[in-house]
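Undergrad: Questions regarding the structure given below will be posed in turn.
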Amino acid sequence: MNELTNPVLLTIAGCEIGFWVLVVGGLALRYLLRLRRASTVTLALVPALDVVLVVAVAIDLHRGGEVTFAHRIAGIYLGCTVMFGPRMIRWLDERFAHRFAGGPAPVRVPKYGPERTRKEWADFARWLGAAAIAGALTLVLSYTVADAEQREQLMGIFGSLGVITMIWLLTGPVWVTGSRRS
């Protein structure tokens, strides 16, 4: 199957687009149109996209779909949206508040020093949470809707999670902690 027409990959792309539409739309409702309740409802819909993704992957596996790269990264995508999504929304909310509502200027994390080191370790901890969610989702789907062949192919994600974790650890918190300026 051509990856660009893979229904799971298209669902991931749709969820990513939907995430930004809901977030920017929700913040525009809050700061540009001053519709706080509508903004809250719009932003509350963001987790529904995660449910859509899990259901799409489960349906594709249940129907006997061939496990592809898209199936394996769906869990990583989900884990990252759960662990990093709220922080991304807060980041953008600070900028909207500053630009459109007279809020304080967003504070930048310094490039070096203890604050940067704390941020890198916190980001790595978020990644570990994302990896745990990806692994858990893979196991749940593997033992509920996937057949034996699909299960074996889905398990390939654990090697990728290990590689990503090591690269992140070494190029993020270990690198910053070991730099002379930290």
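For the structure tokens, the naming scheme is as follows: chains receive sequential letters (A, B, ...) according to their order of presentation, residues are indexed from 1 within each chain, and ligands are indexed from 1 in presentation order.
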Sorted by chain and rising residue number, which residues of stretch 149-172 of chain A lie within 12 Å of stretch 40-63 of chain A, and what are their closest atom pairs and distances in Å to one decimal, counting only C-alpha atoms, as a Markdown table?

TA:
| residue | atom | partner | partner_atom | distance |
| --- | --- | --- | --- | --- |
| A:Glu149 | CA | A:Leu61 | CA | 10.7 |
| A:Gln150 | CA | A:Leu61 | CA | 7.5 |
| A:Arg151 | CA | A:Leu61 | CA | 9.5 |
| A:Gln153 | CA | A:Leu61 | CA | 11.4 |
| A:Leu154 | CA | A:Leu61 | CA | 10.3 |

Undergrad: Any chance you can output those residues with N, CA and C atoms as a PDB file, in the first residue's frame?

TA:
ATOM      1  N   GLU A 149       0.271 -12.017  13.388  1.00  0.00           N
ATOM      2  CA  GLU A 149       1.227 -11.397  12.465  1.00  0.00           C
ATOM      3  C   GLU A 149       1.294  -9.880  12.691  1.00  0.00           C
ATOM      4  N   GLN A 150       0.129  -9.267  12.837  1.00  0.00           N
ATOM      5  CA  GLN A 150       0.099  -7.821  13.100  1.00  0.00           C
ATOM      6  C   GLN A 150       0.794  -7.504  14.419  1.00  0.00           C
ATOM      7  N   ARG A 151       0.549  -8.339  15.415  1.00  0.00           N
ATOM      8  CA  ARG A 151       1.153  -8.133  16.737  1.00  0.00           C
ATOM      9  C   ARG A 151       2.672  -8.123  16.621  1.00  0.00           C
ATOM     10  N   GLN A 153       4.509  -7.430  14.060  1.00  0.00           N
ATOM     11  CA  GLN A 153       4.956  -6.225  13.352  1.00  0.00           C
ATOM     12  C   GLN A 153       4.829  -4.979  14.235  1.00  0.00           C
ATOM     13  N   LEU A 154       3.773  -4.905  15.030  1.00  0.00           N
ATOM     14  CA  LEU A 154       3.595  -3.755  15.919  1.00  0.00           C
ATOM     15  C   LEU A 154       4.693  -3.686  16.976  1.00  0.00           C
TER      16      LEU A 154
END

Undergrad: Running DSSP on the backbone, which parts of stretch 6-147 of chain A land in helix (DSSP H, G or I), as a PyMOL selection string?

TA: chain A and resi 7-31+36-44+46-62+69-101+114-144

Undergrad: Rounded to one decimal place, report the atom CA of A:Cys15-atom CA of A:Arg108 distance in Å.

TA: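 A separation of 28.6 Å between them.
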
Undergrad: Measure the distance from atom CA of A:Ala125 to atom CA of A:Ser179 in Å and round it to one decimal.

TA: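 Computing it gives 19.6 Å between the two atoms.
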
Undergrad: Given the choices A:Leu169, A:Leu10, A:Met155, A:Leu35, which gets closest to A:Leu141 if the distance is worked out from only C-alpha atoms?

TA: A:Met155

Undergrad: Give me, please, the distance in Å between atom CA of A:Met83 and atom CA of A:Val109, quoted to one decimal.

TA: 19.4 Å

Undergrad: Go through A:Ala38, A:Leu78, A:Val163, A:Ala70 and flag the residue nearest A:Leu4, using only C-alpha atoms for the distances.

TA: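 Of the candidates, the smallest distance to A:Leu4 is held by A:Ala70.
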
Undergrad: With distances taken over only C-alpha atoms, which of A:Thr68, A:Thr144, A:Thr171, A:Thr117 is nearest to A:Gly156?

TA: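 With only C-alpha atoms as the atom set, the closest residue is A:Thr68.
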
Undergrad: Measuring between only C-alpha atoms, which one of A:Val145, A:Val174, A:Lys119, A:Ala136 shows the shortest distance to A:Gly75?

TA: A:Ala136

Undergrad: Tell me which protein, DNA and RNA residues are within 10 Å of A:Arg126, counting only C-alpha atoms, leaving out same-chain ones fewer than 2 positions away, and put them as a PyMOL selection string.

TA: chain A and resi 79-80+82-84+120-124+128-132

Undergrad: Would you mind exporting all heavy atoms of the selected residues as a compact mmCIF listing (two decimals), in the first residue's frame?

TA:
# COMPACT_ATOMS: atom_id res chain seq x y z
N GLY A 79 1.14 9.49 22.29
CA GLY A 79 1.88 9.77 23.51
C GLY A 79 2.40 11.20 23.55
O GLY A 79 2.32 11.88 24.59
N CYS A 80 2.89 11.67 22.43
CA CYS A 80 3.41 13.05 22.38
C CYS A 80 2.30 14.08 22.52
O CYS A 80 2.49 15.10 23.19
CB CYS A 80 4.20 13.27 21.08
SG CYS A 80 5.80 12.41 21.11
N VAL A 82 -0.48 13.68 24.18
CA VAL A 82 -0.92 13.66 25.58
C VAL A 82 0.10 14.34 26.48
O VAL A 82 -0.26 15.14 27.35
CB VAL A 82 -1.17 12.20 26.05
CG1 VAL A 82 -1.38 12.13 27.55
CG2 VAL A 82 -2.37 11.61 25.31
N MET A 83 1.38 14.07 26.28
CA MET A 83 2.41 14.58 27.18
C MET A 83 2.88 16.01 26.84
O MET A 83 3.24 16.75 27.73
CB MET A 83 3.62 13.64 27.20
CG MET A 83 3.31 12.27 27.76
SD MET A 83 2.59 12.26 29.43
CE MET A 83 3.93 12.95 30.38
N PHE A 84 2.88 16.35 25.57
CA PHE A 84 3.39 17.68 25.17
C PHE A 84 2.28 18.64 24.75
O PHE A 84 2.50 19.85 24.73
CB PHE A 84 4.41 17.54 24.02
CG PHE A 84 5.69 16.91 24.44
CD1 PHE A 84 5.88 15.54 24.30
CD2 PHE A 84 6.72 17.66 24.98
CE1 PHE A 84 7.07 14.94 24.68
CE2 PHE A 84 7.92 17.07 25.37
CZ PHE A 84 8.09 15.71 25.22
N GLU A 120 15.34 20.80 30.08
CA GLU A 120 15.73 19.62 29.29
C GLU A 120 15.37 18.33 30.00
O GLU A 120 14.87 17.39 29.38
CB GLU A 120 17.23 19.66 28.96
CG GLU A 120 17.62 20.76 27.99
CD GLU A 120 16.99 20.63 26.61
OE1 GLU A 120 16.72 19.50 26.17
OE2 GLU A 120 16.78 21.67 25.97
N TRP A 121 15.61 18.27 31.29
CA TRP A 121 15.24 17.06 32.05
C TRP A 121 13.73 16.90 32.11
O TRP A 121 13.21 15.78 32.03
CB TRP A 121 15.87 17.06 33.44
CG TRP A 121 17.32 16.65 33.39
CD1 TRP A 121 18.40 17.47 33.51
CD2 TRP A 121 17.84 15.34 33.17
NE1 TRP A 121 19.56 16.74 33.39
CE2 TRP A 121 19.25 15.42 33.18
CE3 TRP A 121 17.25 14.09 32.97
CZ2 TRP A 121 20.07 14.32 33.00
CZ3 TRP A 121 18.08 12.98 32.78
CH2 TRP A 121 19.47 13.10 32.80
N ALA A 122 13.00 18.01 32.25
CA ALA A 122 11.53 17.94 32.27
C ALA A 122 11.00 17.46 30.93
O ALA A 122 10.07 16.64 30.87
CB ALA A 122 10.93 19.29 32.63
N ASP A 123 11.59 17.97 29.83
CA ASP A 123 11.17 17.51 28.50
C ASP A 123 11.46 16.03 28.32
O ASP A 123 10.65 15.29 27.75
CB ASP A 123 11.88 18.31 27.40
CG ASP A 123 11.31 19.69 27.22
OD1 ASP A 123 10.23 20.00 27.78
OD2 ASP A 123 11.94 20.49 26.48
N PHE A 124 12.60 15.58 28.81
CA PHE A 124 12.94 14.17 28.71
C PHE A 124 11.96 13.33 29.52
O PHE A 124 11.52 12.26 29.07
CB PHE A 124 14.38 13.92 29.16
CG PHE A 124 14.79 12.49 29.03
CD1 PHE A 124 14.94 11.89 27.78
CD2 PHE A 124 15.02 11.70 30.15
CE1 PHE A 124 15.30 10.55 27.65
CE2 PHE A 124 15.39 10.36 30.04
CZ PHE A 124 15.53 9.79 28.79
N LEU A 128 9.57 10.32 28.25
CA LEU A 128 9.42 8.99 28.85
C LEU A 128 7.94 8.66 29.05
O LEU A 128 7.52 7.52 28.83
CB LEU A 128 10.18 8.91 30.18
CG LEU A 128 11.71 8.95 30.08
CD1 LEU A 128 12.33 8.95 31.48
CD2 LEU A 128 12.25 7.81 29.24
N GLY A 129 7.16 9.65 29.45
CA GLY A 129 5.71 9.45 29.57
C GLY A 129 5.09 9.15 28.23
O GLY A 129 4.24 8.25 28.10
N ALA A 130 5.52 9.88 27.19
CA ALA A 130 5.00 9.65 25.84
C ALA A 130 5.36 8.24 25.36
O ALA A 130 4.53 7.54 24.76
CB ALA A 130 5.54 10.70 24.87
N ALA A 131 6.60 7.83 25.63
CA ALA A 131 7.03 6.49 25.23
C ALA A 131 6.24 5.42 25.97
O ALA A 131 5.86 4.39 25.39
CB ALA A 131 8.53 6.33 25.49
N ALA A 132 5.95 5.65 27.25
CA ALA A 132 5.15 4.69 28.03
C ALA A 132 3.74 4.59 27.46
O ALA A 132 3.19 3.49 27.34
CB ALA A 132 5.11 5.11 29.50
